[in-house]
Amino acid sequence: MKKAPVLLSIIISSLVLLLVGIIGRNNVYAEGTSNGLTEPVLKDVLMGIKDGVYPWHIFDSDVKNEAIEKVNAQRALEEEMLKKQEEALAAEEKKKEEERIAKEEAKKAKPTPTPTPTPTPEPTYTPRYEPLRETTYDEYISHISADIYGEDGVNFASEYKFKNVDITYFDDALFIGDSRTVGLRKYTDLKEHADFLCKTSMTIYKVLESDFDNKLTVEKALKNKKYGKVYIMLGINELGTGTTENFLASYTTLVDEIREISPETKIIIQAIMNIDRTQSTKDKVFNNTNILGRNNAIATLADNENIFYIDINPIVCDEDGFLRDDLRGDHLHLLGKSNELWREFLLAHGV
């Protein structure tokens with residue numbers, strides 16, 4: 001019982017120190033490490049006494065302020081160090097990610113071989129010719145088809161080595177023309193193999209806008225079926241209309257239209273067939289001189305690769321270039337049976 005006051009004093013002292021520790025946690029004991037759970041607050045009070053911070057200092061404003069400043073400085077230092085650590089860690093992670101991406105890109109990337117430059121081939125055909133001169137006003141008002149291109153185009157086109165073919169060669173052919181081509185269709189077996197877009201009085205000026213059999217236009221026909229060859233004979237009905245220049249311009253439009261729609265198709269331009277002596281010598285418009293001027297013009301379209309020019313006149317005309325009397329039905333058309341000569345000529349001029 002005598003020891004009870006001592007024990008009681010110890011308990012009271014401990015409680016006082018504990019209370020002091022609690023009160024001083026946010027000032028004089030703020031540097032302490034106690035958390036109230038694993039480390040008791042009393043520890044901070046005892047460590048404070050060791051370091052010269054006594055319980056009554058909780059009431060000393062100078063001591064409290066100094067302690068708070070130390071704590072704040074320590075916290076700022078810790079925060080700065082933590083920030084630097086986080087920045088260093090982030091930089092390291094960024095570097096690793098960049099290295100990872102670089103390795104993946106390196107795996108994906110394939111070395112691009114340096115392309116070998118393709119030499120530009122020399123042209124193997126003569127480009128479309130410029131006229132030697134222009135049609136004169138007198139020629140225009142006199143309906144003369146001036147020979148303003150000469151024979152250069154004809155001479156170049158004749159260099160091509162044509163081949164003999166059989167009738168099945170025309171299974172993928174299309175013939176475009178006027179009444180002369182109507183005769184070729186009517187009197188030969190070509191109609192059993194080739195397709196025909198032909199009509200009496202047809203001209204180069206209206207061929208692209210015209211409807212033929214089954215309401216077909218040239219454009220529709222070319223889009224509906226893939227043709228290997230297209231044969232054109234137009235020009236006799238155009239004599240007396242326009243000049244050599246605008247005739248060639250319209251012919252060029254037709255050829256270019258075919259090439260645009262069906263670029264793989266071979267185009268065979270057929271010379272305008274001459275007329276007989278009687279008609280040619282008396283008519284100032286429908287004569288072989290005007291036909292020659294226009295034939296020489298359309299021959300310049302041939303490149304001997306995709307576009308070709310063939311001339312049947314040496315087969316059906318006499319030594320003076322007139323349509324033979326024994327072959328003609330009138331002044332400008334072949335007899336029905338004479339169209340066989342045209343058929344044979346085509347079989348000897350495959351491309």
# chains A, B, ... in the order shown; residues from 1 in each chain; ligands from 1

call {"tool": "select_by_dssp", "arguments": {"residues": "region 144-196 of chain A", "states": "helix (DSSP H, G or I)", "output": "list in words"}}
result
Asp152, Gly153, Val154, Asn155, Phe156, Ala157, Ile167, Thr168, Tyr169, Phe170, Asp171, Asp172, Ser179, Arg180, Thr181, Val182, Gly183, Leu184, Arg185, Lys186, Tyr187, Asp189, Leu190, Lys191 and Glu192 of chain A

call {"tool": "residues_around", "arguments": {"residues": "Ala146 (chain A)", "least_positions_apart": "4", "cutoff": "7 Å", "atoms": "only C-alpha atoms", "output": "PyMOL selection string"}}
result
chain A and resi 135+139+244+290+293

call {"tool": "write_last_selection", "arguments": {"atoms": "N, CA, C and O atoms", "output": "PDB file, in the first residue's frame"}}
result
ATOM      1  N   THR A 135      -5.026  24.940-145.789  1.00  0.00           N
ATOM      2  CA  THR A 135      -5.954  25.079-146.911  1.00  0.00           C
ATOM      3  C   THR A 135      -6.157  26.566-147.209  1.00  0.00           C
ATOM      4  O   THR A 135      -6.365  27.366-146.289  1.00  0.00           O
ATOM      5  N   GLU A 139      -9.355  27.337-152.063  1.00  0.00           N
ATOM      6  CA  GLU A 139      -9.611  25.889-151.986  1.00  0.00           C
ATOM      7  C   GLU A 139     -10.853  25.621-151.142  1.00  0.00           C
ATOM      8  O   GLU A 139     -11.655  24.731-151.469  1.00  0.00           O
ATOM      9  N   THR A 244      -9.672  19.785-145.442  1.00  0.00           N
ATOM     10  CA  THR A 244      -8.855  18.636-145.050  1.00  0.00           C
ATOM     11  C   THR A 244      -8.551  18.685-143.562  1.00  0.00           C
ATOM     12  O   THR A 244      -8.552  17.650-142.875  1.00  0.00           O
ATOM     13  N   ASN A 290      -9.414  14.843-154.685  1.00  0.00           N
ATOM     14  CA  ASN A 290      -9.861  15.214-153.335  1.00  0.00           C
ATOM     15  C   ASN A 290      -9.762  14.031-152.376  1.00  0.00           C
ATOM     16  O   ASN A 290      -9.421  14.193-151.195  1.00  0.00           O
ATOM     17  N   GLY A 293      -6.152  13.688-151.192  1.00  0.00           N
ATOM     18  CA  GLY A 293      -5.783  14.655-150.155  1.00  0.00           C
ATOM     19  C   GLY A 293      -6.235  14.210-148.780  1.00  0.00           C
ATOM     20  O   GLY A 293      -5.504  14.352-147.781  1.00  0.00           O
TER      21      GLY A 293
END

call {"tool": "atom_distance", "arguments": {"atom1": "CA of Ala106 (chain A)", "atom2": "CA of Glu87 (chain A)"}}
result
28.2 Å

call {"tool": "atom_distance", "arguments": {"atom1": "CA of Lys186 (chain A)", "atom2": "CA of Cys317 (chain A)"}}
result
21.6 Å

call {"tool": "atom_distance", "arguments": {"atom1": "CA of Ala302 (chain A)", "atom2": "CA of Leu327 (chain A)"}}
result
28.5 Å

call {"tool": "residues_around", "arguments": {"residues": "Thr300 (chain A)", "least_positions_apart": "6", "cutoff": "12 Å", "atoms": "only C-alpha atoms", "output": "ChimeraX atom specification"}}
result
/A:125-131,148-158,248-249,251-252,269,271,293-294,307-310

call {"tool": "write_last_selection", "arguments": {"atoms": "N, CA, C and O atoms", "output": "CSV table (one decimal), in the first residue's frame"}}
result
chain,number,residue,atom,x,y,z
A,125,TYR,N,7.6,4.9,-133.5
A,125,TYR,CA,6.7,5.4,-134.6
A,125,TYR,C,6.8,6.9,-134.8
A,125,TYR,O,7.3,7.6,-133.9
A,126,THR,N,6.4,7.3,-135.9
A,126,THR,CA,6.4,8.7,-136.2
A,126,THR,C,5.2,9.4,-135.6
A,126,THR,O,4.1,8.9,-135.7
A,127,PRO,N,5.4,10.5,-134.8
A,127,PRO,CA,4.2,11.2,-134.3
A,127,PRO,C,3.3,11.8,-135.3
A,127,PRO,O,3.7,11.8,-136.5
A,128,ARG,N,2.1,12.2,-135.0
A,128,ARG,CA,1.2,12.8,-135.9
A,128,ARG,C,1.9,14.0,-136.6
A,128,ARG,O,2.5,14.8,-135.9
A,129,TYR,N,1.7,14.1,-137.9
A,129,TYR,CA,2.4,15.1,-138.6
A,129,TYR,C,1.7,16.5,-138.6
A,129,TYR,O,0.5,16.5,-138.4
A,130,GLU,N,2.5,17.5,-138.7
A,130,GLU,CA,2.0,18.8,-138.9
A,130,GLU,C,1.8,19.0,-140.4
A,130,GLU,O,2.6,18.4,-141.2
A,131,PRO,N,0.8,19.7,-140.8
A,131,PRO,CA,0.5,19.9,-142.3
A,131,PRO,C,1.6,20.7,-142.9
A,131,PRO,O,2.3,21.5,-142.2
A,148,ILE,N,-2.5,18.6,-148.1
A,148,ILE,CA,-1.6,19.5,-147.3
A,148,ILE,C,-0.6,18.6,-146.4
A,148,ILE,O,0.2,19.2,-145.7
A,149,TYR,N,-0.7,17.3,-146.5
A,149,TYR,CA,0.1,16.4,-145.7
A,149,TYR,C,1.2,15.7,-146.6
A,149,TYR,O,2.1,15.1,-146.0
A,150,GLY,N,0.9,15.5,-147.8
A,150,GLY,CA,1.9,14.8,-148.7
A,150,GLY,C,1.8,13.3,-148.3
A,150,GLY,O,0.9,12.8,-147.7
A,151,GLU,N,2.9,12.6,-148.8
A,151,GLU,CA,2.9,11.1,-148.7
A,151,GLU,C,3.7,10.6,-147.5
A,151,GLU,O,3.8,9.4,-147.4
A,152,ASP,N,4.1,11.4,-146.6
A,152,ASP,CA,4.9,10.9,-145.5
A,152,ASP,C,4.2,9.9,-144.6
A,152,ASP,O,4.7,8.9,-144.2
A,153,GLY,N,2.9,10.2,-144.3
A,153,GLY,CA,2.2,9.3,-143.5
A,153,GLY,C,1.9,8.0,-144.2
A,153,GLY,O,2.0,6.9,-143.6
A,154,VAL,N,1.6,8.0,-145.5
A,154,VAL,CA,1.4,6.8,-146.2
A,154,VAL,C,2.6,6.0,-146.3
A,154,VAL,O,2.6,4.7,-146.2
A,155,ASN,N,3.8,6.6,-146.6
A,155,ASN,CA,5.0,5.9,-146.7
A,155,ASN,C,5.4,5.2,-145.4
A,155,ASN,O,5.9,4.1,-145.3
A,156,PHE,N,5.2,5.9,-144.2
A,156,PHE,CA,5.5,5.3,-143.0
A,156,PHE,C,4.6,4.1,-142.7
A,156,PHE,O,5.0,3.1,-142.3
A,157,ALA,N,3.3,4.3,-142.9
A,157,ALA,CA,2.3,3.2,-142.7
A,157,ALA,C,2.6,2.0,-143.5
A,157,ALA,O,2.4,0.8,-143.1
A,158,SER,N,3.1,2.2,-144.7
A,158,SER,CA,3.4,1.1,-145.6
A,158,SER,C,4.6,0.2,-145.2
A,158,SER,O,4.8,-0.9,-145.7
A,248,LEU,N,-9.8,15.8,-140.9
A,248,LEU,CA,-8.8,15.0,-140.1
A,248,LEU,C,-9.1,15.2,-138.6
A,248,LEU,O,-8.9,14.2,-137.8
A,249,ALA,N,-9.5,16.4,-138.2
A,249,ALA,CA,-9.7,16.6,-136.8
A,249,ALA,C,-10.9,15.7,-136.3
A,249,ALA,O,-10.8,15.1,-135.2
A,251,TYR,N,-11.8,12.9,-137.7
A,251,TYR,CA,-11.3,11.5,-137.8
A,251,TYR,C,-10.5,11.2,-136.5
A,251,TYR,O,-10.6,10.1,-135.9
A,252,THR,N,-9.6,12.2,-136.2
A,252,THR,CA,-8.8,12.0,-135.0
A,252,THR,C,-9.6,11.9,-133.7
A,252,THR,O,-9.3,11.1,-132.9
A,269,ILE,N,-7.3,1.9,-140.0
A,269,ILE,CA,-7.9,3.0,-140.8
A,269,ILE,C,-7.8,2.5,-142.3
A,269,ILE,O,-6.7,2.2,-142.8
A,271,ALA,N,-8.2,3.3,-146.2
A,271,ALA,CA,-8.2,4.4,-147.2
A,271,ALA,C,-9.6,4.6,-147.8
A,271,ALA,O,-10.3,3.6,-148.0
A,293,GLY,N,-6.2,13.7,-151.2
A,293,GLY,CA,-5.8,14.7,-150.2
A,293,GLY,C,-6.2,14.2,-148.8
A,293,GLY,O,-5.5,14.4,-147.8
A,294,ARG,N,-7.4,13.6,-148.7
A,294,ARG,CA,-7.9,13.2,-147.4
A,294,ARG,C,-7.3,11.9,-147.0
A,294,ARG,O,-7.1,11.7,-145.8
A,307,ILE,N,-2.3,1.8,-134.2
A,307,ILE,CA,-3.1,2.4,-135.3
A,307,ILE,C,-2.4,2.1,-136.6
A,307,ILE,O,-1.2,2.4,-136.7
A,308,PHE,N,-3.2,1.6,-137.6
A,308,PHE,CA,-2.6,1.1,-138.8
A,308,PHE,C,-3.4,1.7,-140.0
A,308,PHE,O,-4.6,2.1,-139.8
A,309,TYR,N,-2.8,1.8,-141.1
A,309,TYR,CA,-3.4,2.4,-142.3
A,309,TYR,C,-3.3,1.4,-143.4
A,309,TYR,O,-2.2,0.9,-143.7
A,310,ILE,N,-4.4,1.0,-144.1
A,310,ILE,CA,-4.3,0.1,-145.2
A,310,ILE,C,-5.1,0.7,-146.4
A,310,ILE,O,-6.1,1.5,-146.2

call {"tool": "closest_residue", "arguments": {"among": "A:Asp330, A:Glu340, A:Asp311, A:Glu134", "to": "Met233 (chain A)", "atoms": "only C-alpha atoms"}}
result
A:Asp311

call {"tool": "closest_residue", "arguments": {"among": "A:Gly242, A:Lys337, A:Glu319, A:Asn313", "to": "Ser142 (chain A)", "atoms": "only C-alpha atoms"}}
result
A:Gly242
